file coords.txt (compact mmCIF, C-alpha atoms and all ligand atoms)
# COMPACT_ATOMS: atom_id res chain seq x y z
CA MET G 300 -10.67 -16.71 13.50
CA ASN G 301 -9.45 -17.87 10.16
CA THR G 302 -5.89 -17.83 9.01
CA SER G 303 -4.39 -18.28 5.63
CA THR G 304 -1.01 -19.64 4.76
CA SER G 305 -1.37 -19.47 1.02
CA ALA G 306 1.17 -17.89 -1.23
CA SER G 307 1.41 -17.72 -4.96
CA THR G 308 1.72 -15.18 -7.69
CA SER G 309 -0.53 -13.79 -10.33
CA LYS G 310 0.40 -13.75 -13.99
CA THR G 311 -0.53 -10.29 -15.18
CA GLU G 312 -1.41 -8.91 -18.55
CA PRO G 313 -0.21 -5.34 -19.02
CA LYS G 314 -3.17 -3.17 -19.94
CA ALA G 315 -3.07 -0.34 -22.41
CA ASP G 316 -5.38 1.72 -20.25
CA ALA G 317 -6.16 1.34 -16.59
CA LYS G 318 -8.79 3.28 -14.75
CA SER G 319 -9.22 3.71 -11.03
CA GLU G 320 -12.15 2.10 -9.32
CA SER G 321 -11.12 3.85 -6.14
CA LYS G 322 -13.76 4.48 -3.53
CA THR G 323 -11.17 5.53 -1.01
CA GLY G 324 -9.15 8.37 -2.45
CA SER G 325 -5.83 6.68 -1.69
CA ALA G 326 -2.90 8.16 -3.59
CA THR G 327 -1.63 4.79 -4.75
CA GLU G 328 -4.92 3.85 -6.32
CA ALA G 329 -5.24 7.02 -8.37
CA ALA G 330 -6.01 6.40 -12.03
CA TYR G 331 -2.94 6.34 -14.16
CA LYS G 332 -3.26 7.73 -17.59
CA ILE G 333 -1.41 6.10 -20.41
CA ASP G 334 -0.23 9.18 -22.30
CA SER G 335 2.12 8.85 -25.25
CA HIS G 336 5.24 9.11 -23.05
CA THR G 337 4.00 6.35 -20.73
CA GLN G 338 2.91 4.16 -23.64
CA LYS G 339 6.40 4.51 -25.20
CA LEU G 340 8.00 3.46 -21.91
CA VAL G 341 5.61 0.52 -21.55
CA ASP G 342 6.30 -0.66 -25.13
CA GLU G 343 10.07 -0.31 -24.73
CA ILE G 344 10.05 -2.12 -21.37
CA LYS G 345 8.18 -5.03 -22.98
CA GLN G 346 10.57 -5.14 -25.96
CA LEU G 347 13.71 -4.86 -23.83
CA SER G 348 12.47 -7.46 -21.42
CA LYS G 349 11.84 -9.90 -24.27
CA LYS G 350 15.17 -9.12 -25.97
CA ARG G 351 17.09 -9.67 -22.73
CA ASN G 352 15.15 -12.80 -21.81
CA ALA G 353 14.14 -11.09 -18.57
CA VAL G 354 11.28 -11.69 -16.19
CA ILE G 355 9.74 -8.78 -14.28
CA LEU G 356 8.60 -9.69 -10.77
CA ALA G 357 6.53 -7.19 -8.76
CA HIS G 358 5.43 -7.24 -5.14
CA ASN G 359 1.76 -6.67 -4.29
CA TYR G 360 2.64 -3.23 -2.83
CA GLN G 361 4.09 -1.84 -6.07
CA ILE G 362 2.39 1.08 -7.81
CA PRO G 363 -0.42 -0.04 -10.16
CA ILE G 364 1.38 0.50 -13.45
CA ILE G 365 4.36 -1.59 -12.29
CA GLN G 366 2.01 -4.38 -11.20
CA ASP G 367 0.28 -4.24 -14.58
CA ILE G 368 3.47 -4.48 -16.61
CA ALA G 369 5.06 -7.22 -14.49
CA ASP G 370 5.12 -10.85 -15.60
CA PHE G 371 4.26 -11.97 -12.07
CA VAL G 372 2.85 -10.12 -9.07
CA GLY G 373 2.83 -11.72 -5.64
CA ASP G 374 3.93 -11.86 -2.03
CA SER G 375 7.46 -12.47 -0.76
CA LEU G 376 7.10 -16.24 -0.79
CA GLY G 377 5.42 -16.49 -4.19
CA LEU G 378 8.00 -14.21 -5.79
CA SER G 379 10.90 -16.24 -4.32
CA GLN G 380 9.29 -19.34 -5.78
CA GLN G 381 8.94 -17.66 -9.18
CA ALA G 382 12.57 -16.56 -9.02
CA ALA G 383 13.65 -20.09 -8.14
CA LYS G 384 11.90 -21.65 -11.14
CA THR G 385 12.27 -19.04 -13.86
CA SER G 386 14.15 -19.90 -17.04
CA ALA G 387 14.77 -16.21 -17.75
CA GLU G 388 18.39 -15.01 -17.73
CA THR G 389 17.63 -11.76 -15.93
CA ILE G 390 15.23 -11.12 -13.05
CA VAL G 391 14.12 -7.51 -12.62
CA PHE G 392 12.80 -7.27 -9.09
CA CYS G 393 10.26 -4.52 -8.54
CA GLY G 394 10.14 -4.65 -4.77
CA VAL G 395 12.56 -3.88 -1.96
CA HIS G 396 16.21 -4.82 -1.62
CA PHE G 397 15.89 -7.91 0.60
CA MET G 398 13.50 -9.42 -1.96
CA ALA G 399 16.00 -8.94 -4.80
CA GLU G 400 18.71 -10.38 -2.56
CA THR G 401 16.55 -13.44 -1.91
CA ALA G 402 16.20 -13.90 -5.68
CA ALA G 403 20.00 -13.54 -6.07
CA ILE G 404 20.55 -16.17 -3.36
CA LEU G 405 18.16 -18.61 -5.03
CA CYS G 406 19.41 -17.96 -8.56
CA PRO G 407 23.20 -17.55 -8.36
CA THR G 408 23.66 -17.94 -12.11
CA LYS G 409 21.09 -15.31 -13.05
CA ARG G 410 21.44 -11.56 -13.23
CA VAL G 411 19.18 -9.92 -10.63
CA LEU G 412 18.40 -6.24 -11.04
CA ILE G 413 16.55 -3.80 -8.81
CA PRO G 414 15.47 -0.51 -10.41
CA ASP G 415 16.39 1.54 -7.29
CA LEU G 416 19.07 0.45 -4.83
CA GLU G 417 17.66 2.73 -2.15
CA ALA G 418 14.44 0.70 -1.92
CA GLY G 419 15.08 -0.70 1.56
CA CYS G 420 12.88 -1.94 4.40
CA SER G 421 12.61 -0.56 7.93
CA LEU G 422 11.83 -4.02 9.28
CA ALA G 423 14.91 -5.61 7.70
CA GLU G 424 16.95 -2.75 9.18
CA SER G 425 15.65 -3.47 12.67
CA ILE G 426 18.20 -6.24 13.27
CA ASP G 427 21.91 -6.20 12.49
CA LEU G 428 24.56 -8.89 12.45
CA ALA G 429 26.12 -7.93 15.82
CA GLY G 430 22.69 -8.02 17.46
CA LEU G 431 21.93 -11.49 16.14
CA VAL G 432 25.38 -12.85 17.04
CA ALA G 433 24.94 -11.63 20.64
CA TRP G 434 21.38 -13.03 20.85
CA LYS G 435 22.52 -16.43 19.57
CA ALA G 436 25.34 -16.46 22.13
CA GLU G 437 22.73 -16.03 24.90
CA HIS G 438 20.72 -18.99 23.50
CA PRO G 439 23.33 -21.30 21.93
CA ASN G 440 20.93 -24.23 21.39
CA ALA G 441 18.06 -22.25 19.94
CA VAL G 442 16.74 -22.65 16.40
CA VAL G 443 16.77 -19.30 14.57
CA VAL G 444 13.70 -18.49 12.47
CA SER G 445 14.10 -15.34 10.39
CA TYR G 446 11.31 -13.58 8.60
CA VAL G 447 12.13 -13.10 4.91
CA ASN G 448 12.34 -9.33 5.56
CA THR G 449 16.00 -9.60 6.58
CA THR G 450 19.35 -9.09 4.88
CA ALA G 451 21.27 -12.00 3.34
CA GLU G 452 23.76 -11.83 6.23
CA ILE G 453 20.99 -12.38 8.78
CA LYS G 454 19.51 -15.24 6.73
CA ALA G 455 22.96 -16.82 6.58
CA LEU G 456 22.99 -17.03 10.40
CA SER G 457 19.48 -18.52 10.50
CA ASP G 458 18.22 -22.09 10.48
CA TYR G 459 14.88 -21.30 8.83
CA CYS G 460 13.53 -18.47 6.82
CA CYS G 461 9.77 -17.79 6.89
CA THR G 462 7.27 -15.39 5.38
CA SER G 463 3.95 -14.11 6.68
CA GLY G 464 2.36 -16.82 4.50
CA ASN G 465 4.07 -19.74 6.26
CA ALA G 466 5.48 -18.55 9.62
CA LEU G 467 2.95 -20.65 11.55
CA LYS G 468 3.77 -23.83 9.64
CA ILE G 469 7.52 -23.30 10.01
CA VAL G 470 7.31 -22.83 13.79
CA GLN G 471 4.92 -25.79 14.11
CA SER G 472 7.44 -27.97 12.24
CA ILE G 473 10.16 -27.37 14.87
CA PRO G 474 10.22 -29.95 17.70
CA GLU G 475 8.42 -28.72 20.83
CA ASP G 476 11.47 -29.00 23.07
CA LYS G 477 13.61 -26.73 20.88
CA GLU G 478 14.01 -23.13 21.93
CA ILE G 479 13.26 -20.69 19.10
CA LEU G 480 14.66 -17.24 18.34
CA PHE G 481 12.11 -15.52 16.08
CA LEU G 482 13.14 -12.34 14.29
CA PRO G 483 12.83 -9.50 13.50
CA ASP G 484 9.07 -8.71 13.56
CA GLN G 485 7.63 -8.57 17.08
CA PHE G 486 4.00 -8.50 15.91
CA LEU G 487 4.27 -11.46 13.55
CA GLY G 488 6.25 -13.21 16.31
CA SER G 489 3.67 -12.64 19.01
CA TRP G 490 0.85 -13.70 16.70
CA VAL G 491 2.71 -16.94 15.86
CA GLN G 492 3.36 -17.49 19.57
CA LYS G 493 -0.30 -16.94 20.36
CA MET G 494 -1.50 -19.28 17.62
CA THR G 495 0.99 -22.06 18.44
CA GLY G 496 0.93 -21.65 22.24
CA ARG G 497 4.72 -21.97 22.09
CA LYS G 498 6.35 -21.03 25.42
CA ASN G 499 10.03 -21.42 24.48
CA MET G 500 9.99 -18.80 21.73
CA HIS G 501 11.96 -15.55 22.09
CA ILE G 502 10.93 -12.65 19.89
CA TRP G 503 13.10 -9.83 18.53
CA MET G 504 11.49 -6.43 19.08
CA GLY G 505 11.71 -5.22 15.48
CA GLU G 506 8.89 -3.69 13.47
CA CYS G 507 7.83 -2.27 10.13
CA HIS G 508 7.06 1.44 10.49
CA VAL G 509 4.06 1.15 8.14
CA HIS G 510 2.31 -1.76 9.88
CA ALA G 511 3.35 -0.96 13.46
CA ALA G 512 1.36 2.27 13.31
CA VAL G 513 -2.06 0.56 13.06
CA HIS G 514 -3.89 0.95 16.37
CA PRO G 515 -6.77 -1.37 17.45
CA SER G 516 -9.05 1.69 17.83
CA LYS G 517 -8.66 2.31 14.09
CA ILE G 518 -10.05 -1.16 13.41
CA ASP G 519 -12.95 -0.61 15.81
CA GLU G 520 -13.74 2.67 14.07
CA LYS G 521 -13.73 1.16 10.57
CA MET G 522 -15.65 -1.97 11.52
CA LYS G 523 -18.28 0.15 13.23
CA GLU G 524 -18.69 2.15 10.03
CA HIS G 525 -18.87 -1.07 7.96
CA PRO G 526 -20.40 -3.83 10.12
CA ASP G 527 -21.05 -5.98 7.01
CA ALA G 528 -17.36 -6.06 6.03
CA GLU G 529 -14.81 -8.81 6.55
CA LEU G 530 -11.49 -7.76 8.05
CA LEU G 531 -8.21 -8.75 6.38
CA ILE G 532 -5.14 -8.13 8.59
CA HIS G 533 -1.46 -8.58 7.76
CA PRO G 534 0.36 -10.16 10.72
CA GLU G 535 2.97 -7.37 10.75
CA CYS G 536 0.26 -4.99 12.03
CA GLY G 537 0.85 -3.59 15.52
CA CYS G 538 -2.84 -3.91 16.33
CA LEU G 539 -3.12 -7.64 15.72
CA THR G 540 -2.49 -9.31 19.08
CA PRO G 541 -4.27 -6.68 21.26
CA TYR G 542 -7.17 -6.73 18.80
CA LEU G 543 -7.41 -10.53 18.93
CA ASP G 544 -7.38 -10.41 22.73
CA ARG G 545 -10.11 -7.80 22.77
CA VAL G 546 -12.23 -9.77 20.31
CA ALA G 547 -11.83 -12.93 22.40
CA ARG G 548 -12.94 -11.05 25.53
CA ASN G 549 -15.71 -8.82 24.21
CA ALA G 550 -17.10 -10.14 20.95
CA PRO G 551 -16.04 -13.74 20.33
CA ASP G 552 -18.59 -14.09 17.49
CA SER G 553 -16.95 -11.39 15.44
CA LYS G 554 -13.76 -13.46 15.18
CA ASP G 555 -15.20 -15.21 12.13
CA VAL G 556 -15.01 -12.06 10.03
CA LEU G 557 -11.34 -11.57 10.93
CA LYS G 558 -8.77 -13.15 8.62
CA VAL G 559 -5.01 -12.94 9.18
CA ALA G 560 -3.05 -13.40 5.98
CA SER G 561 -0.01 -12.57 3.89
CA THR G 562 -0.65 -10.21 0.99
CA GLU G 563 -1.24 -13.14 -1.38
CA GLY G 564 -3.40 -14.84 1.23
CA MET G 565 -5.60 -11.72 1.25
CA LEU G 566 -6.07 -12.00 -2.51
CA LYS G 567 -7.19 -15.63 -2.18
CA LEU G 568 -9.52 -14.89 0.75
CA ALA G 569 -11.14 -11.96 -1.03
CA THR G 570 -11.80 -14.07 -4.12
CA THR G 571 -13.19 -17.09 -2.30
CA SER G 572 -15.21 -15.30 0.41
CA SER G 573 -18.91 -14.69 -0.10
CA ALA G 574 -18.51 -11.26 1.55
CA LYS G 575 -18.95 -8.24 -0.70
CA LYS G 576 -17.01 -5.75 1.41
CA PHE G 577 -13.58 -5.91 3.07
CA VAL G 578 -11.60 -3.70 5.41
CA VAL G 579 -7.93 -4.15 4.53
CA ALA G 580 -5.18 -3.65 7.13
CA THR G 581 -1.95 -3.58 5.14
CA GLU G 582 -0.03 -1.40 2.71
CA VAL G 583 -2.41 0.30 0.25
CA GLY G 584 -0.67 -1.03 -2.88
CA ILE G 585 -2.56 -4.30 -2.42
CA LEU G 586 -5.85 -2.55 -3.21
CA HIS G 587 -5.01 -2.40 -6.91
CA ARG G 588 -4.99 -6.18 -7.36
CA LEU G 589 -7.82 -6.74 -4.89
CA LYS G 590 -10.07 -4.47 -6.95
CA LYS G 591 -8.81 -5.61 -10.32
CA GLU G 592 -9.41 -9.29 -9.52
CA ASN G 593 -12.71 -8.70 -7.68
CA PRO G 594 -14.39 -5.84 -9.52
CA GLU G 595 -17.79 -6.59 -7.98
CA LYS G 596 -16.46 -6.27 -4.39
CA GLU G 597 -15.56 -3.26 -2.27
CA PHE G 598 -12.19 -2.85 -0.51
CA LEU G 599 -11.58 -0.19 2.14
CA PRO G 600 -8.11 0.52 3.49
CA ILE G 601 -7.83 0.71 7.25
CA SER G 602 -5.90 3.91 6.57
CA SER G 603 -4.95 5.52 3.27
CA GLU G 604 -1.73 6.62 5.05
CA MET G 605 -0.45 3.04 5.06
CA SER G 606 1.97 3.53 2.22
CA CYS G 607 5.53 2.17 2.12
CA GLN G 608 7.82 4.81 0.65
CA PHE G 609 10.43 2.14 -0.17
CA MET G 610 8.02 0.13 -2.32
CA LYS G 611 6.90 3.31 -4.05
CA MET G 612 10.48 4.17 -5.11
CA ILE G 613 10.14 1.84 -8.09
CA THR G 614 8.72 3.79 -11.02
CA LEU G 615 8.17 3.03 -14.69
CA GLU G 616 11.10 5.31 -15.61
CA LYS G 617 13.43 3.47 -13.22
CA LEU G 618 12.26 0.08 -14.49
CA HIS G 619 12.98 1.27 -18.04
CA ARG G 620 16.43 2.53 -17.05
CA SER G 621 17.13 -0.74 -15.27
CA LEU G 622 16.64 -2.68 -18.51
CA VAL G 623 18.43 -0.14 -20.72
CA GLU G 624 21.49 0.36 -18.50
CA ASP G 625 21.48 -3.06 -16.85
CA VAL G 626 21.27 -1.56 -13.34
CA PHE G 627 21.33 -2.12 -10.39
CA HIS G 628 22.92 -5.50 -10.12
CA VAL G 629 22.17 -7.23 -6.79
CA THR G 630 24.72 -9.85 -5.75
CA VAL G 631 25.39 -11.82 -2.58
CA PRO G 632 28.87 -13.30 -1.88
CA GLU G 633 28.67 -17.09 -2.37
CA GLU G 634 29.86 -17.81 1.18
CA THR G 635 26.87 -15.87 2.59
CA ALA G 636 24.50 -17.02 -0.15
CA SER G 637 25.15 -20.72 0.37
CA LYS G 638 24.26 -20.47 4.09
CA ALA G 639 21.25 -18.24 3.47
CA ARG G 640 20.07 -20.59 0.70
CA LEU G 641 19.82 -23.46 3.17
CA ALA G 642 17.45 -21.44 5.39
CA ILE G 643 15.32 -20.40 2.40
CA GLU G 644 15.28 -23.88 0.88
CA ARG G 645 14.20 -25.37 4.22
CA MET G 646 11.30 -22.93 4.18
CA ILE G 647 10.32 -23.75 0.59
CA SER G 648 10.51 -27.50 1.26
CA ILE G 649 8.14 -27.25 4.26
CA PHE G 650 5.62 -25.08 2.51
P1 LIG G 701 4.16 -10.44 2.19
O1 LIG G 701 5.16 -11.53 2.31
O2 LIG G 701 2.87 -10.77 2.87
O3 LIG G 701 3.98 -10.06 0.78
O4 LIG G 701 4.69 -9.16 2.98
C1 LIG G 701 5.92 -8.56 2.69
C2 LIG G 701 6.04 -7.26 3.34
O5 LIG G 701 7.00 -6.56 3.18
C3 LIG G 701 4.96 -6.84 4.19
O6 LIG G 701 5.20 -5.55 4.64
FE1 LIG G 702 9.43 -3.30 4.78
FE2 LIG G 702 7.23 -2.39 5.95
FE3 LIG G 702 7.79 -1.62 3.49
FE4 LIG G 702 7.01 -4.17 3.97
S1 LIG G 702 5.80 -2.30 4.22
S2 LIG G 702 8.71 -3.49 2.67
S3 LIG G 702 7.96 -4.50 5.95
S4 LIG G 702 9.01 -1.17 5.32

call {"tool": "encode", "arguments": {"input": "coords.txt", "output": "structure tokens"}}
result
Amino acid sequence: MNTSTSASTSKTEPKADAKSESKTGSATEAAYKIDSHTQKLVDEIKQLSKKRNAVILAHNYQIPIIQDIADFVGDSLGLSQQAAKTSAETIVFCGVHFMAETAAILCPTKRVLIPDLEAGCSLAESIDLAGLVAWKAEHPNAVVVSYVNTTAEIKALSDYCCTSGNALKIVQSIPEDKEILFLPDQFLGSWVQKMTGRKNMHIWMGECHVHAAVHPSKIDEKMKEHPDAELLIHPECGCLTPYLDRVARNAPDSKDVLKVASTEGMLKLATTSSAKKFVVATEVGILHRLKKENPEKEFLPISSEMSCQFMKMITLEKLHRSLVEDVFHVTVPEETASKARLAIERMISIF
């Protein structure tokens, strides 16, 4: 099996007209037409962004038109790195709330905006402060590793932050004799445990409702239909560990076509692989960039139902309003931010 730990972002050029190359019928890949209303919004967003010295960051799961207008598109890690190094005065974060909070933690002097405050994350919601405090009390000497999909308060109580792109490296960097509390994603946690063979690692039983729903039988079904495809799986997927176990038992040779990666890692693997067809097990928003950057290759979602309603809350209209009305400002109290920053900076320095 191959794994990828890469993370970066893509500099995008907004296009005047984008057409779907969809072979899957997924709602998020539908062609978007640039009518005169949309073109006006696009032009105004570009002008306002320039006038305000703003940078627009978009996650790989955003709707296509938001990805195309953004200055940078990437995964959680790549976007935090972009936020950390930008010289722009304002960061407009087209993603979910914890991502904008991470940018606010890393850039305390900048104005961080999110176009919709309701864009949350079921995974980040799966652990609260009281839960973590109690867990830490049970394991007072443990090192706490928090996935980036957590609130600033949870990060502030953590020793390390990690993303799907670097969770393995972060855990491997912690001395063997140290107990680890890994949170909140149980599937990422059990994959990291499996890959590192770490025995003294406790895993919080949280999950993302979009990725948890993927069943190993779905993968079998798709791979049977497309035996020539490579399989790209996000480590938040519920199917990952049982699928890996099954592959190891029944078809060890097929492990070479299975690649576990963050969203940005998937982009890199798709570009560098000699395969022409890929089955993609993550949120369908990623298909836009996969197809745009690899027009000669075919990408099939494991399920066109894998859509995150929180990511899809960010629309062109809301992005426009965000720049016009200077909303919604995301801030983190400095006391929390300074502690959370340490955990994030430790992650960035290892990666
Ligand atoms: P990435 O860090 O791989 O972009 O994933 C973020 C996320 O929310 C996955 O559901
Ligand atoms: Fe959160 Fe899942 Fe949406 Fe990612 S896909 S932002 S983990 S709810």

call {"tool": "residues_near_ligand", "arguments": {"input": "coords.txt", "ligand": "ligand LIG 702 (chain G)", "cutoff": "9 Å", "atoms": "all atoms listed in the file", "output": "number ranges by chain"}}
result
G: 360, 394-398, 418-424, 448, 484, 506-511, 535, 581-582, 605-610

call {"tool": "atom_distance", "arguments": {"input": "coords.txt", "atom1": "CA of Gly377 (chain G)", "atom2": "atom C3 of ligand LIG 701 (chain G)"}}
result
12.8 Å

call {"tool": "axis_aligned_box", "arguments": {"input": "coords.txt", "around": "ligand LIG 701 (chain G)", "padding_each_side": "6 Å", "output": "lines of an AutoDock Vina configuration file"}}
result
center_x = 4.9
center_y = -8.5
center_z = 2.7
size_x = 16.1
size_y = 18.0
size_z = 15.9

call {"tool": "residues_near_ligand", "arguments": {"input": "coords.txt", "ligand": "ligand LIG 701 (chain G)", "cutoff": "7 Å", "atoms": "all atoms listed in the file", "output": "list in words"}}
result
His358, Asn359, Gly373, Asp374, Ser375, Leu376, Asn448, Thr462, Ser463, Gly464, Cys507, His533, Glu535, Ser561, Thr562, Glu563 and Glu582 of chain G

call {"tool": "closest_residue", "arguments": {"input": "coords.txt", "among": "G:Val432, G:Met646, G:Val444, G:Val629", "to": "Cys406 (chain G)", "atoms": "only C-alpha atoms"}}
result
G:Val629

call {"tool": "closest_residue", "arguments": {"input": "coords.txt", "among": "G:Trp490, G:Leu615, G:Thr450, G:Ile404", "to": "Glu634 (chain G)", "atoms": "only C-alpha atoms"}}
result
G:Ile404

call {"tool": "closest_residue", "arguments": {"input": "coords.txt", "among": "G:Leu405, G:Ile413, G:Ala383, G:Ile647", "to": "Leu618 (chain G)", "atoms": "all atoms listed in the file"}}
result
G:Ile413

call {"tool": "residues_around", "arguments": {"input": "coords.txt", "residues": "region 570-580 of chain G", "least_positions_apart": "3", "cutoff": "7 Å", "atoms": "all atoms listed in the file", "output": "number ranges by chain"}}
result
G: 527-533, 566-567, 593, 596-601

call {"tool": "residues_around", "arguments": {"input": "coords.txt", "residues": "Ser445 (chain G)", "least_positions_apart": "4", "cutoff": "12 Å", "atoms": "only C-alpha atoms", "output": "PyMOL selection string"}}
result
chain G and resi 422-423+426+431+449-463+465-466+469-470+479-485+487-488+501-503+505+639+642-643+645-646

call {"tool": "closest_residue", "arguments": {"input": "coords.txt", "among": "G:Leu568, G:Val626, G:Leu641, G:Leu589", "to": "Thr389 (chain G)", "atoms": "all atoms listed in the file"}}
result
G:Val626
